[in-house]
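Right, one structure below, let's go through it.
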Amino acid sequence: MMSLFLLYLSYFVAFFKIGLFGFGGGYAMLSLIQHEVVEAHQWISVADFTDIVAISQTTPGPIAFNTATYIGYTATTQLGYSAAQGVLGSAICTIAVSLPSIILMTIVSYFFSRFRNNRWVEAALDFLRPAVIGLIAAAALLLINGHNFIDYKSWIIFGVVLVASLRKVDPILLIVLAGVAGYFIYP
Amino acid sequence: MTIYIQLLLSFLKIGAFTFGGGYAMIPLIRKEVVDRKKWLAEGEFIDMLAIAQSAPGPISLNTAVFVGNRLKGIKGSLFAGLGIILPSFVIILLIALVFTEFKDNPGVERVFRGIRPAVVALIAAPVWNMAKSAGITWRVVWIPVVSTLAIWLGGLSPVYVVAAAIVAGLLCYAVKWKKYREHPPH
């Protein structure tokens, strides 16, 4: 029982951190989530992580919530705990990743006039905006590995989707098509 | 219908129908919050959006918390926030319950072999456009490059990259401000 409590506590700390440092939207948060969940705590494998991102992109809601909810359930049950304990785990992860937003935006709403066009806020964002692009690039590069790219066909799918996405083809459609392609080209 | 239930329902709707996240959902939020419910004026919405985008966390949740607070304080923000969180929580939980059963099915595995490289491409694609729209010049291009390498090859936690970028930005501004005070331009 104690170890389950500790697991929940480490979920809370990890996802609170992800929420607090999650600047720059969903994709930038991915590198944070991956660092905590795959590398630091090893709650899920990198292939599982990619699958979660795929599921997140085809369901409504921010990627950060989706991954938090999914990991809370999957990691808990994979460790041998019950489904109910998994549901509680996913609630804890989801609340933890949301809390920093709730706290910070509450503060902002009370001091709204001071945050409007504040020079110090602008200064803090000066370096952060370009850094966030690095976070997204790192998230993509970390996922280019032997689990996700098994042969040359993987690279063909990657190239086609990259070009189509740059041409503003709907991402959900691209994921569905890639899934259909995978079903037929792999034995 | 009390204002709390209205907040909950409005943001439930936004939470349930916003695929793709982030920028795709802004028009939907604007329509609900500004046009339909008139909870924020147009100008206020634009300013709020700038802050919601700069603050950590998803834009949709940041907006919900802000609007809820403006209307009814903390309690309002909790109802609005719950509305945003609940749809994705329920949907993903159902998928997690089902998917763990089917994950090792060979057909499902084949589908995901096709999907995995596609996901990586979808994450990589916006990097170029974001770099353009963020106005990355040759002077600052080292910032994303160093961040990428530190996380990707150095295994550094992105937390440190974010913290370092904030501190560096503030320090630069403080130095400029000090110089400006010591040598004010005529």
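Scheme for the structure tokens: letters A, B, ... for chains in order shown; per-chain residue numbers from 1; ligand numbers from 1 in order shown.
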
Do a neighbour search on Cys172 in chain B at 12 Å with only C-alpha atoms, toss out local chain neighbours closer than 3 positions, and write the hits as a compact mmCIF listing (two decimals) with N, CA and C atoms, in the first residue's frame.
```
# COMPACT_ATOMS: atom_id res chain seq x y z
N TRP A 120 8.73 43.13 -18.17
CA TRP A 120 9.49 42.01 -17.60
C TRP A 120 8.96 40.68 -18.11
N GLU A 122 7.57 40.32 -21.02
CA GLU A 122 8.08 40.28 -22.39
C GLU A 122 9.54 39.83 -22.42
N ALA A 123 10.34 40.38 -21.47
CA ALA A 123 11.77 40.04 -21.42
C ALA A 123 11.96 38.55 -21.14
N ALA A 124 11.13 38.01 -20.22
CA ALA A 124 11.25 36.59 -19.89
C ALA A 124 10.94 35.73 -21.10
N LEU A 125 10.03 36.21 -21.95
CA LEU A 125 9.62 35.43 -23.12
C LEU A 125 10.59 35.55 -24.29
N ASP A 126 11.46 36.57 -24.23
CA ASP A 126 12.39 36.84 -25.34
C ASP A 126 13.20 35.61 -25.74
N PHE A 127 13.80 34.96 -24.75
CA PHE A 127 14.61 33.77 -25.02
C PHE A 127 13.76 32.51 -25.00
N ALA B 165 16.19 29.80 -20.04
CA ALA B 165 15.73 30.79 -21.01
C ALA B 165 15.04 31.96 -20.31
N ILE B 166 14.25 31.66 -19.29
CA ILE B 166 13.56 32.73 -18.57
C ILE B 166 14.57 33.62 -17.84
N VAL B 167 15.52 32.97 -17.14
CA VAL B 167 16.51 33.74 -16.38
C VAL B 167 17.35 34.59 -17.32
N ALA B 168 17.78 34.01 -18.45
CA ALA B 168 18.61 34.75 -19.41
C ALA B 168 17.86 35.97 -19.95
N GLY B 169 16.58 35.78 -20.27
CA GLY B 169 15.78 36.90 -20.79
C GLY B 169 15.68 38.03 -19.78
N VAL B 175 20.16 44.18 -17.50
CA VAL B 175 21.41 44.83 -17.90
C VAL B 175 21.12 46.03 -18.80
N LYS B 176 20.23 45.83 -19.76
CA LYS B 176 19.88 46.92 -20.67
C LYS B 176 19.28 48.10 -19.91
N TRP B 177 18.42 47.75 -18.96
CA TRP B 177 17.69 48.77 -18.20
C TRP B 177 18.67 49.58 -17.35
N LYS B 178 19.69 48.88 -16.78
CA LYS B 178 20.69 49.53 -15.94
C LYS B 178 21.53 50.50 -16.79
N LYS B 179 21.96 50.03 -17.97
CA LYS B 179 22.73 50.86 -18.89
C LYS B 179 21.93 52.11 -19.27
```

*Which neighbours of Tyr8 in chain A fall inside 9 Å, counting only C-alpha atoms, when residues of the same chain fewer than 4 positions from it are skipped, and could you give them as a ChimeraX atom specification?*
/A:3-4,12-13,72,76,88-89,92-93

*Taking only C-alpha atoms into account, what are the residues of chain B at most 6 Å from chain A, put as a ChimeraX atom specification?*
/B:15-21,56-58,62,65-66,88,96,110-111,113-121,123-125,143-144,147-148,152,158-159,165-166,169-170,173

Please, which residues of range 22-183 of chain B, numbered as in this document, come out alpha helix (DSSP H) from DSSP, as a CSV table (one decimal) with N, CA and C atoms, in the first residue's frame?
```csv
chain,number,residue,atom,x,y,z
B,26,ILE,N,-8.7,28.1,-30.9
B,26,ILE,CA,-8.9,29.5,-30.6
B,26,ILE,C,-10.2,30.1,-31.2
B,27,PRO,N,-10.5,29.9,-32.5
B,27,PRO,CA,-11.7,30.5,-33.0
B,27,PRO,C,-12.9,29.9,-32.3
B,28,LEU,N,-12.9,28.7,-31.9
B,28,LEU,CA,-14.1,28.1,-31.2
B,28,LEU,C,-14.3,28.7,-29.9
B,29,ILE,N,-13.2,28.9,-29.1
B,29,ILE,CA,-13.2,29.5,-27.8
B,29,ILE,C,-13.7,31.0,-28.0
B,30,ARG,N,-13.2,31.7,-28.9
B,30,ARG,CA,-13.6,33.1,-29.1
B,30,ARG,C,-15.1,33.2,-29.4
B,42,GLU,N,-14.0,41.9,-27.0
B,42,GLU,CA,-13.0,41.5,-28.0
B,42,GLU,C,-11.6,41.8,-27.6
B,43,GLY,N,-11.4,43.1,-27.2
B,43,GLY,CA,-10.0,43.5,-26.8
B,43,GLY,C,-9.5,42.8,-25.6
B,44,GLU,N,-10.3,42.6,-24.7
B,44,GLU,CA,-9.9,41.8,-23.5
B,44,GLU,C,-9.5,40.4,-23.8
B,45,PHE,N,-10.3,39.8,-24.8
B,45,PHE,CA,-10.0,38.4,-25.2
B,45,PHE,C,-8.7,38.3,-25.8
B,46,ILE,N,-8.4,39.3,-26.7
B,46,ILE,CA,-7.0,39.3,-27.4
B,46,ILE,C,-5.9,39.4,-26.4
B,47,ASP,N,-6.1,40.3,-25.4
B,47,ASP,CA,-5.0,40.5,-24.4
B,47,ASP,C,-4.9,39.2,-23.6
B,48,MET,N,-6.0,38.7,-23.2
B,48,MET,CA,-6.0,37.4,-22.4
B,48,MET,C,-5.3,36.3,-23.1
B,49,LEU,N,-5.6,36.2,-24.4
B,49,LEU,CA,-5.0,35.2,-25.3
B,49,LEU,C,-3.5,35.3,-25.3
B,50,ALA,N,-3.0,36.5,-25.4
B,50,ALA,CA,-1.6,36.7,-25.4
B,50,ALA,C,-1.0,36.1,-24.1
B,51,ILE,N,-1.6,36.3,-23.0
B,51,ILE,CA,-1.1,35.8,-21.7
B,51,ILE,C,-1.3,34.3,-21.6
B,52,ALA,N,-2.5,33.8,-22.0
B,52,ALA,CA,-2.8,32.4,-22.0
B,52,ALA,C,-1.8,31.6,-22.8
B,53,GLN,N,-1.3,32.2,-23.9
B,53,GLN,CA,-0.3,31.6,-24.7
B,53,GLN,C,1.1,31.6,-24.1
B,54,SER,N,1.4,32.7,-23.4
B,54,SER,CA,2.7,32.8,-22.8
B,54,SER,C,2.8,32.0,-21.6
B,59,ILE,N,-3.6,26.2,-23.7
B,59,ILE,CA,-4.3,27.4,-23.9
B,59,ILE,C,-5.7,27.3,-23.5
B,60,SER,N,-6.4,26.2,-23.8
B,60,SER,CA,-7.8,26.0,-23.5
B,60,SER,C,-8.0,26.1,-22.0
B,61,LEU,N,-7.2,25.4,-21.2
B,61,LEU,CA,-7.4,25.4,-19.8
B,61,LEU,C,-7.1,26.8,-19.2
B,62,ASN,N,-6.0,27.4,-19.7
B,62,ASN,CA,-5.7,28.8,-19.2
B,62,ASN,C,-6.8,29.8,-19.5
B,63,THR,N,-7.4,29.7,-20.7
B,63,THR,CA,-8.5,30.5,-21.0
B,63,THR,C,-9.7,30.3,-20.1
B,64,ALA,N,-10.0,29.0,-19.9
B,64,ALA,CA,-11.2,28.6,-19.0
B,64,ALA,C,-11.0,29.2,-17.6
B,65,VAL,N,-9.8,29.0,-17.1
B,65,VAL,CA,-9.5,29.4,-15.7
B,65,VAL,C,-9.6,31.0,-15.6
B,66,PHE,N,-9.1,31.6,-16.6
B,66,PHE,CA,-9.2,33.1,-16.6
B,66,PHE,C,-10.6,33.6,-16.7
B,67,VAL,N,-11.4,33.0,-17.6
B,67,VAL,CA,-12.8,33.5,-17.8
B,67,VAL,C,-13.6,33.1,-16.5
B,68,GLY,N,-13.4,31.9,-16.0
B,68,GLY,CA,-14.1,31.6,-14.7
B,68,GLY,C,-13.8,32.5,-13.6
B,69,ASN,N,-12.6,32.8,-13.5
B,69,ASN,CA,-12.1,33.8,-12.4
B,69,ASN,C,-12.7,35.1,-12.6
B,70,ARG,N,-12.7,35.6,-13.8
B,70,ARG,CA,-13.3,37.0,-14.1
B,70,ARG,C,-14.7,37.0,-13.7
B,71,LEU,N,-15.5,35.9,-14.0
B,71,LEU,CA,-16.9,36.0,-13.7
B,71,LEU,C,-17.3,35.7,-12.3
B,72,LYS,N,-16.7,34.6,-11.7
B,72,LYS,CA,-17.1,34.2,-10.4
B,72,LYS,C,-16.0,33.7,-9.5
B,73,GLY,N,-14.8,34.3,-9.6
B,73,GLY,CA,-13.7,34.0,-8.7
B,73,GLY,C,-13.3,32.5,-8.9
B,74,ILE,N,-12.6,32.0,-7.8
B,74,ILE,CA,-12.0,30.7,-7.8
B,74,ILE,C,-13.1,29.6,-8.2
B,75,LYS,N,-14.2,29.7,-7.6
B,75,LYS,CA,-15.3,28.7,-7.8
B,75,LYS,C,-15.6,28.6,-9.3
B,76,GLY,N,-15.8,29.8,-9.9
B,76,GLY,CA,-16.0,29.9,-11.3
B,76,GLY,C,-14.9,29.2,-12.1
B,77,SER,N,-13.7,29.5,-11.7
B,77,SER,CA,-12.6,28.9,-12.5
B,77,SER,C,-12.5,27.4,-12.4
B,78,LEU,N,-13.0,26.9,-11.3
B,78,LEU,CA,-12.9,25.4,-11.1
B,78,LEU,C,-14.0,24.8,-12.0
B,79,PHE,N,-15.2,25.4,-12.1
B,79,PHE,CA,-16.2,24.8,-13.0
B,79,PHE,C,-15.8,24.9,-14.4
B,80,ALA,N,-15.2,26.0,-14.8
B,80,ALA,CA,-14.8,26.2,-16.2
B,80,ALA,C,-13.6,25.2,-16.5
B,81,GLY,N,-12.7,25.1,-15.6
B,81,GLY,CA,-11.6,24.2,-15.8
B,81,GLY,C,-12.0,22.7,-15.9
B,82,LEU,N,-13.0,22.4,-15.0
B,82,LEU,CA,-13.5,21.0,-15.0
B,82,LEU,C,-14.2,20.7,-16.4
B,83,GLY,N,-14.8,21.7,-17.0
B,83,GLY,CA,-15.5,21.5,-18.3
B,83,GLY,C,-14.4,21.2,-19.3
B,84,ILE,N,-13.3,21.9,-19.3
B,84,ILE,CA,-12.2,21.6,-20.3
B,84,ILE,C,-11.6,20.2,-20.1
B,85,ILE,N,-11.4,19.9,-18.8
B,85,ILE,CA,-10.6,18.6,-18.5
B,85,ILE,C,-11.5,17.4,-18.7
B,86,LEU,N,-12.7,17.4,-18.3
B,86,LEU,CA,-13.6,16.2,-18.2
B,86,LEU,C,-13.7,15.4,-19.5
B,87,PRO,N,-14.0,16.1,-20.7
B,87,PRO,CA,-14.2,15.3,-21.9
B,87,PRO,C,-13.0,14.4,-22.2
B,88,SER,N,-11.8,15.1,-22.2
B,88,SER,CA,-10.6,14.3,-22.6
B,88,SER,C,-10.3,13.2,-21.6
B,89,PHE,N,-10.6,13.5,-20.3
B,89,PHE,CA,-10.3,12.5,-19.3
B,89,PHE,C,-11.1,11.3,-19.5
B,90,VAL,N,-12.4,11.5,-19.7
B,90,VAL,CA,-13.3,10.3,-19.9
B,90,VAL,C,-13.0,9.5,-21.2
B,91,ILE,N,-12.8,10.3,-22.3
B,91,ILE,CA,-12.5,9.6,-23.5
B,91,ILE,C,-11.2,8.8,-23.4
B,92,ILE,N,-10.1,9.4,-22.9
B,92,ILE,CA,-8.8,8.7,-22.9
B,92,ILE,C,-8.9,7.5,-21.9
B,93,LEU,N,-9.6,7.7,-20.8
B,93,LEU,CA,-9.7,6.6,-19.8
B,93,LEU,C,-10.4,5.4,-20.5
B,94,LEU,N,-11.4,5.6,-21.2
B,94,LEU,CA,-12.1,4.5,-21.9
B,94,LEU,C,-11.2,3.9,-22.9
B,95,ILE,N,-10.4,4.7,-23.7
B,95,ILE,CA,-9.5,4.1,-24.6
B,95,ILE,C,-8.4,3.3,-23.9
B,96,ALA,N,-7.9,3.9,-22.8
B,96,ALA,CA,-6.8,3.1,-22.0
B,96,ALA,C,-7.4,1.8,-21.6
B,97,LEU,N,-8.6,1.8,-21.1
B,97,LEU,CA,-9.2,0.5,-20.6
B,97,LEU,C,-9.3,-0.5,-21.7
B,98,VAL,N,-9.7,0.0,-22.9
B,98,VAL,CA,-9.9,-1.0,-24.0
B,98,VAL,C,-8.5,-1.3,-24.7
B,99,PHE,N,-7.7,-0.3,-24.8
B,99,PHE,CA,-6.4,-0.4,-25.6
B,99,PHE,C,-5.5,-1.4,-24.9
B,100,THR,N,-5.4,-1.4,-23.6
B,100,THR,CA,-4.5,-2.4,-22.9
B,100,THR,C,-4.9,-3.8,-23.2
B,101,GLU,N,-6.2,-4.1,-23.6
B,101,GLU,CA,-6.6,-5.4,-23.9
B,101,GLU,C,-6.2,-5.8,-25.3
B,102,PHE,N,-6.2,-4.8,-26.2
B,102,PHE,CA,-6.0,-5.1,-27.7
B,102,PHE,C,-4.6,-4.8,-28.1
B,106,PRO,N,-2.0,-8.7,-33.1
B,106,PRO,CA,-1.1,-8.5,-34.3
B,106,PRO,C,-1.6,-7.5,-35.2
B,107,GLY,N,-2.9,-7.4,-35.5
B,107,GLY,CA,-3.5,-6.4,-36.4
B,107,GLY,C,-3.3,-5.0,-35.9
B,108,VAL,N,-3.6,-4.8,-34.6
B,108,VAL,CA,-3.4,-3.5,-34.0
B,108,VAL,C,-1.9,-3.1,-34.0
B,109,GLU,N,-1.0,-4.1,-33.8
B,109,GLU,CA,0.4,-3.8,-33.8
B,109,GLU,C,0.8,-3.3,-35.2
B,110,ARG,N,0.2,-3.9,-36.3
B,110,ARG,CA,0.6,-3.5,-37.7
B,110,ARG,C,0.1,-2.1,-37.9
B,111,VAL,N,-1.1,-1.8,-37.5
B,111,VAL,CA,-1.6,-0.4,-37.6
B,111,VAL,C,-0.7,0.6,-37.0
B,112,PHE,N,-0.2,0.3,-35.8
B,112,PHE,CA,0.6,1.2,-35.1
B,112,PHE,C,2.0,1.3,-35.6
B,113,ARG,N,2.5,0.2,-36.3
B,113,ARG,CA,3.8,0.3,-37.0
B,113,ARG,C,3.7,1.4,-38.1
B,114,GLY,N,2.5,1.5,-38.7
B,114,GLY,CA,2.4,2.6,-39.7
B,114,GLY,C,2.2,4.0,-39.1
B,115,ILE,N,1.5,4.0,-37.9
B,115,ILE,CA,1.2,5.3,-37.3
B,115,ILE,C,2.4,5.9,-36.6
B,116,ARG,N,3.3,5.1,-36.0
B,116,ARG,CA,4.4,5.7,-35.3
B,116,ARG,C,5.3,6.7,-36.0
B,117,PRO,N,5.8,6.3,-37.2
B,117,PRO,CA,6.6,7.3,-38.0
B,117,PRO,C,5.8,8.5,-38.4
B,118,ALA,N,4.5,8.3,-38.6
B,118,ALA,CA,3.6,9.5,-39.0
B,118,ALA,C,3.5,10.5,-37.8
B,119,VAL,N,3.4,9.9,-36.6
B,119,VAL,CA,3.3,10.8,-35.4
B,119,VAL,C,4.6,11.7,-35.3
B,120,VAL,N,5.8,11.0,-35.5
B,120,VAL,CA,7.0,11.8,-35.5
B,120,VAL,C,7.0,12.9,-36.5
B,121,ALA,N,6.5,12.6,-37.7
B,121,ALA,CA,6.5,13.6,-38.8
B,121,ALA,C,5.5,14.8,-38.4
B,122,LEU,N,4.4,14.4,-37.7
B,122,LEU,CA,3.5,15.5,-37.3
B,122,LEU,C,4.1,16.4,-36.2
B,123,ILE,N,5.0,15.9,-35.4
B,123,ILE,CA,5.6,16.7,-34.4
B,123,ILE,C,6.7,17.5,-35.1
B,124,ALA,N,7.4,17.0,-36.0
B,124,ALA,CA,8.5,17.7,-36.7
B,124,ALA,C,8.0,18.8,-37.6
B,125,ALA,N,6.9,18.6,-38.2
B,125,ALA,CA,6.4,19.5,-39.2
B,125,ALA,C,6.3,21.0,-38.7
B,126,PRO,N,5.7,21.3,-37.5
B,126,PRO,CA,5.5,22.7,-37.2
B,126,PRO,C,6.8,23.4,-36.8
B,127,VAL,N,7.9,22.7,-36.6
B,127,VAL,CA,9.1,23.4,-36.2
B,127,VAL,C,9.5,24.5,-37.1
B,128,TRP,N,9.5,24.2,-38.4
B,128,TRP,CA,9.9,25.2,-39.4
B,128,TRP,C,9.0,26.4,-39.4
B,129,ASN,N,7.6,26.1,-39.5
B,129,ASN,CA,6.7,27.2,-39.5
B,129,ASN,C,6.7,28.1,-38.2
B,130,MET,N,6.9,27.4,-37.1
B,130,MET,CA,7.0,28.1,-35.8
B,130,MET,C,8.3,29.0,-35.8
B,131,ALA,N,9.4,28.5,-36.3
B,131,ALA,CA,10.6,29.3,-36.3
B,131,ALA,C,10.4,30.5,-37.2
B,132,LYS,N,9.7,30.4,-38.3
B,132,LYS,CA,9.4,31.5,-39.1
B,132,LYS,C,8.5,32.6,-38.4
B,133,SER,N,7.4,32.1,-37.8
B,133,SER,CA,6.5,33.0,-37.2
B,133,SER,C,7.0,33.6,-35.9
B,142,TRP,N,21.0,30.2,-32.4
B,142,TRP,CA,21.7,29.3,-31.5
B,142,TRP,C,20.8,28.8,-30.4
B,143,ILE,N,19.8,29.6,-30.0
B,143,ILE,CA,19.0,29.3,-28.8
B,143,ILE,C,18.2,28.0,-29.1
B,144,PRO,N,17.4,27.9,-30.2
B,144,PRO,CA,16.8,26.6,-30.4
B,144,PRO,C,17.7,25.4,-30.7
B,145,VAL,N,18.9,25.8,-31.4
B,145,VAL,CA,19.8,24.7,-31.7
B,145,VAL,C,20.4,24.1,-30.4
B,146,VAL,N,20.9,25.0,-29.5
B,146,VAL,CA,21.5,24.5,-28.3
B,146,VAL,C,20.5,23.8,-27.4
B,147,SER,N,19.2,24.3,-27.4
B,147,SER,CA,18.2,23.7,-26.6
B,147,SER,C,17.9,22.2,-27.1
B,148,THR,N,17.8,22.1,-28.4
B,148,THR,CA,17.6,20.8,-29.0
B,148,THR,C,18.7,19.8,-28.7
B,149,LEU,N,19.9,20.3,-28.9
B,149,LEU,CA,21.1,19.4,-28.7
B,149,LEU,C,21.2,19.0,-27.2
B,150,ALA,N,20.9,19.9,-26.3
B,150,ALA,CA,21.1,19.7,-24.9
B,150,ALA,C,20.1,18.6,-24.5
B,151,ILE,N,18.8,18.7,-25.0
B,151,ILE,CA,17.8,17.7,-24.6
B,151,ILE,C,18.0,16.4,-25.4
B,152,TRP,N,18.2,16.5,-26.7
B,152,TRP,CA,18.3,15.3,-27.5
B,152,TRP,C,19.5,14.5,-27.2
B,158,PRO,N,14.2,19.2,-20.1
B,158,PRO,CA,13.7,20.4,-20.7
B,158,PRO,C,13.4,21.5,-19.6
B,159,VAL,N,13.1,21.0,-18.4
B,159,VAL,CA,12.8,22.0,-17.3
B,159,VAL,C,14.0,23.0,-17.2
B,160,TYR,N,15.2,22.5,-17.3
B,160,TYR,CA,16.4,23.4,-17.1
B,160,TYR,C,16.5,24.3,-18.3
B,161,VAL,N,16.1,23.9,-19.5
B,161,VAL,CA,16.2,24.7,-20.7
B,161,VAL,C,15.2,25.9,-20.5
B,162,VAL,N,14.0,25.5,-20.1
B,162,VAL,CA,12.9,26.6,-19.9
B,162,VAL,C,13.4,27.6,-18.8
B,163,ALA,N,13.9,27.0,-17.7
B,163,ALA,CA,14.3,27.9,-16.6
B,163,ALA,C,15.4,28.8,-17.0
B,164,ALA,N,16.4,28.2,-17.7
B,164,ALA,CA,17.6,29.0,-18.2
B,164,ALA,C,17.1,30.1,-19.1
B,165,ALA,N,16.2,29.8,-20.0
B,165,ALA,CA,15.7,30.8,-21.0
B,165,ALA,C,15.0,32.0,-20.3
B,166,ILE,N,14.2,31.7,-19.3
B,166,ILE,CA,13.6,32.7,-18.6
B,166,ILE,C,14.6,33.6,-17.8
B,167,VAL,N,15.5,33.0,-17.1
B,167,VAL,CA,16.5,33.7,-16.4
B,167,VAL,C,17.4,34.6,-17.3
B,168,ALA,N,17.8,34.0,-18.5
B,168,ALA,CA,18.6,34.7,-19.4
B,168,ALA,C,17.9,36.0,-20.0
B,169,GLY,N,16.6,35.8,-20.3
B,169,GLY,CA,15.8,36.9,-20.8
B,169,GLY,C,15.7,38.0,-19.8
B,170,LEU,N,15.4,37.7,-18.5
B,170,LEU,CA,15.3,38.7,-17.5
B,170,LEU,C,16.6,39.4,-17.2
B,171,LEU,N,17.7,38.6,-17.2
B,171,LEU,CA,19.0,39.2,-17.0
B,171,LEU,C,19.4,40.2,-18.1
B,172,CYS,N,19.2,39.8,-19.3
B,172,CYS,CA,19.5,40.7,-20.5
B,172,CYS,C,18.7,42.0,-20.3
B,173,TYR,N,17.5,41.9,-19.9
B,173,TYR,CA,16.6,43.1,-19.8
B,173,TYR,C,17.1,44.0,-18.7
B,174,ALA,N,17.5,43.3,-17.5
B,174,ALA,CA,18.0,44.1,-16.4
B,174,ALA,C,19.3,44.8,-16.7
B,175,VAL,N,20.2,44.2,-17.5
B,175,VAL,CA,21.4,44.8,-17.9
B,175,VAL,C,21.1,46.0,-18.8
B,176,LYS,N,20.2,45.8,-19.8
B,176,LYS,CA,19.9,46.9,-20.7
B,176,LYS,C,19.3,48.1,-19.9
B,177,TRP,N,18.4,47.8,-19.0
B,177,TRP,CA,17.7,48.8,-18.2
B,177,TRP,C,18.7,49.6,-17.3
B,178,LYS,N,19.7,48.9,-16.8
B,178,LYS,CA,20.7,49.5,-15.9
B,178,LYS,C,21.5,50.5,-16.8
B,179,LYS,N,22.0,50.0,-18.0
B,179,LYS,CA,22.7,50.9,-18.9
B,179,LYS,C,21.9,52.1,-19.3
B,180,TYR,N,20.7,51.9,-19.5
B,180,TYR,CA,19.8,53.0,-19.9
B,180,TYR,C,19.7,54.0,-18.8
B,181,ARG,N,19.6,53.6,-17.6
B,181,ARG,CA,19.5,54.5,-16.5
B,181,ARG,C,20.8,55.3,-16.2
B,182,GLU,N,22.0,54.6,-16.4
B,182,GLU,CA,23.2,55.2,-16.2
B,182,GLU,C,23.6,56.2,-17.4
```

_Atomic distance CA of Ser10 in chain B - CA of Glu32 in chain B, expressed in Å with one decimal_ =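 Atom-to-atom, CA of Ser10 in chain B to CA of Glu32 in chain B, that is 7.1 Å.
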